[in-house]
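Below is the file query_2.cif, which contains mmCIF, C-alpha atoms.
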data_entry
loop_
_atom_site.label_atom_id
_atom_site.label_comp_id
_atom_site.auth_asym_id
_atom_site.auth_seq_id
_atom_site.Cartn_x
_atom_site.Cartn_y
_atom_site.Cartn_z
CA MET A 1 -152.25 -55.70 69.77
CA GLU A 2 -154.06 -54.27 72.74
CA GLY A 3 -157.76 -54.71 73.05
CA GLY A 4 -159.86 -57.19 71.13
CA ARG A 5 -163.06 -58.76 72.35
CA GLY A 6 -161.68 -59.87 75.69
CA GLY A 7 -159.54 -56.81 76.32
CA GLY A 8 -156.42 -58.97 76.47
CA ARG A 9 -153.12 -58.69 74.69
CA VAL A 10 -152.55 -60.83 71.60
CA ALA A 11 -149.03 -62.21 71.17
CA VAL A 12 -147.36 -64.57 68.71
CA MET A 13 -145.00 -67.01 70.41
CA GLY A 14 -142.53 -69.75 69.54
CA GLU A 15 -139.26 -70.15 67.69
CA ASN A 16 -141.03 -71.18 64.47
CA ILE A 17 -142.20 -67.61 63.96
CA LYS A 18 -138.48 -66.78 63.46
CA HIS A 19 -136.98 -69.88 61.82
CA PHE A 20 -138.02 -73.44 61.04
CA PRO A 21 -136.90 -76.48 59.03
CA ALA A 22 -138.25 -76.64 55.47
CA GLY A 23 -140.14 -79.78 54.53
CA GLN A 24 -141.46 -80.45 58.04
CA THR A 25 -144.60 -79.40 59.86
CA SER A 26 -143.96 -76.34 62.01
CA VAL A 27 -146.14 -74.79 64.70
CA PHE A 28 -146.28 -71.40 66.39
CA ASP A 29 -148.69 -70.27 69.08
CA ILE A 30 -150.91 -67.24 69.41
CA SER A 31 -151.91 -66.12 72.88
CA ALA A 32 -155.23 -64.36 72.38
CA PRO A 33 -157.28 -64.17 75.56
CA GLY A 34 -160.86 -63.25 74.78
CA VAL A 35 -160.40 -63.44 71.00
CA ARG A 36 -162.47 -66.03 69.16
CA LYS A 37 -160.81 -68.30 66.60
CA GLU A 38 -163.17 -66.84 63.98
CA ASP A 39 -161.78 -63.35 64.67
CA LEU A 40 -158.20 -64.43 64.02
CA THR A 41 -156.65 -64.24 60.53
CA VAL A 42 -153.28 -65.70 59.52
CA HIS A 43 -151.67 -65.33 56.09
CA ILE A 44 -148.39 -67.11 55.29
CA VAL A 45 -146.65 -66.32 52.00
CA SER A 46 -143.73 -68.35 50.59
CA PRO A 47 -140.50 -66.95 49.12
CA ALA A 48 -142.07 -67.54 45.68
CA LYS A 49 -145.04 -65.35 46.76
CA ARG A 50 -147.44 -68.31 47.00
CA PRO A 51 -149.91 -68.67 49.89
CA VAL A 52 -149.06 -71.46 52.35
CA ALA A 53 -151.88 -73.63 53.67
CA HIS A 54 -152.13 -73.68 57.44
CA GLN A 55 -154.43 -74.91 60.16
CA ILE A 56 -155.50 -73.07 63.31
CA THR A 57 -156.53 -75.15 66.33
CA GLU A 58 -157.47 -74.13 69.84
CA SER A 59 -155.27 -75.77 72.46
CA SER A 60 -156.41 -74.16 75.68
CA GLU A 61 -158.27 -71.11 76.86
CA GLY A 62 -156.87 -68.18 74.91
CA VAL A 63 -154.10 -70.11 73.12
CA LEU A 64 -154.24 -71.18 69.47
CA HIS A 65 -151.77 -73.30 67.48
CA VAL A 66 -150.98 -72.48 63.85
CA SER A 67 -149.46 -75.43 61.96
CA PHE A 68 -148.06 -75.34 58.44
CA THR A 69 -145.69 -77.28 56.20
CA THR A 70 -143.30 -75.66 53.76
CA SER A 71 -141.12 -77.00 50.99
CA GLU A 72 -139.03 -73.98 50.03
CA VAL A 73 -135.93 -72.64 51.74
CA GLY A 74 -136.05 -68.87 52.21
CA SER A 75 -137.98 -66.05 53.87
CA TYR A 76 -141.70 -66.40 54.58
CA VAL A 77 -144.01 -63.52 55.46
CA VAL A 78 -146.47 -64.30 58.27
CA GLU A 79 -149.23 -61.78 58.89
CA VAL A 80 -151.51 -62.15 61.92
CA THR A 81 -154.58 -60.05 62.67
CA ALA A 82 -157.06 -60.32 65.52
CA SER A 83 -160.45 -58.65 65.34
CA GLY A 84 -159.29 -56.81 62.22
CA GLN A 85 -156.14 -55.31 63.80
CA LYS A 86 -152.56 -56.33 63.10
CA VAL A 87 -150.90 -58.13 65.99
CA GLN A 88 -147.79 -56.39 67.35
CA GLY A 89 -144.76 -57.38 65.25
CA SER A 90 -146.85 -58.45 62.25
CA PRO A 91 -145.91 -59.08 59.55
CA PHE A 92 -143.21 -61.46 60.78
CA ILE A 93 -140.35 -62.67 58.59
CA ALA A 94 -139.69 -66.36 59.26
CA LYS A 95 -136.73 -68.15 57.67
CA ALA A 96 -136.99 -71.74 56.44
CA TYR A 97 -133.74 -73.68 56.31
CA ASP A 98 -132.51 -77.09 55.16
CA ALA A 99 -129.66 -78.26 57.39
CA GLY A 100 -128.86 -80.96 54.82
CA LEU A 101 -127.61 -78.26 52.44
CA ILE A 102 -124.91 -77.05 54.85
CA ARG A 103 -121.37 -78.11 53.97
CA VAL A 104 -118.31 -77.19 56.03
CA SER A 105 -114.83 -77.79 54.68
CA ASP A 106 -111.31 -76.42 54.96
CA VAL A 107 -111.53 -75.15 58.54
CA PRO A 108 -108.03 -73.92 59.34
CA ASN A 109 -106.70 -74.86 62.78
CA GLY A 110 -109.81 -76.95 63.44
CA VAL A 111 -109.66 -79.87 65.88
CA VAL A 112 -112.33 -82.57 65.84
CA GLY A 113 -114.58 -82.29 68.89
CA GLN A 114 -113.41 -78.75 69.75
CA PRO A 115 -115.28 -75.50 69.08
CA CYS A 116 -113.91 -73.32 66.30
CA GLN A 117 -114.95 -70.25 64.35
CA PHE A 118 -115.17 -69.90 60.60
CA ARG A 119 -116.79 -67.69 58.01
CA GLY A 120 -119.22 -69.04 55.51
CA MET A 121 -120.93 -68.05 52.33
CA SER A 122 -124.50 -68.88 51.51
CA TYR A 123 -125.82 -69.65 48.08
CA LEU A 124 -129.39 -70.06 46.94
CA PHE A 125 -129.82 -72.22 43.85
CA ARG A 126 -133.16 -72.27 42.05
#
As structure tokens, what does this structure read like?
Amino acid sequence: MEGGRGGGRVAVMGENIKHFPAGQTSVFDISAPGVRKEDLTVHIVSPAKRPVAHQITESSEGVLHVSFTTSEVGSYVVEVTASGQKVQGSPFIAKAYDAGLIRVSDVPNGVVGQPCQFRGMSYLFR
């Protein structure tokens, strides 16, 4: 988003806007020079279409942290607006994963401690 109260560019930053571990607190940053915290709106929606509680805190001049905790694996929709305008790239699709659900077996020609390639299938059980 160009503009805003301070004339600066608003940007969403951090890996957790793309993917994050389910069941843990995750944080992404918003660089919003000249935009007041009160003029920033964040909506996070779970794969089950439920709103996700989050907290916005100011960390330094023009940078805000958004922290949230999820419990579901899947795709989350994150919408960010500043001064009533959507931030560039919003809405974002962020993927929550649970590494404990990953199982690898029957890797042909695999050698322990050496890189290898394999194909996998993903299943979502509800």
### Task
Fewer than 6 positions away in the same chain doesn't count, so skip those; otherwise give me all residues within 12 Å of segment 38-54 of chain A, counting only C-alpha atoms, as a PyMOL selection string.
chain A and resi 4-6+10-12+17+22+25-32+62-87+90-97+124+126
Draw an axis-aligned box tight on the listed atoms of segment 27-39 of chain A, then pad every side by 4 Å and write out centre and edge lengths in Å to one decimal as JSON.
{"center_x": -154.7, "center_y": -69.0, "center_z": 69.8, "size_x": 25.0, "size_y": 19.5, "size_z": 19.6}
### Task
Have a look at atom CA of Ala99 of chain A and atom CA of Gln117 of chain A and let me know their distance in Å, one decimal.
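About the pair atom CA of Ala99 of chain A and atom CA of Gln117 of chain A: they are 18.1 Å apart.
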### Task
Between atom CA of Asp98 of chain A and atom CA of Pro21 of chain A, measure the distance and give it in Å to one decimal.
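Here the two named atoms are 5.9 Å from each other.
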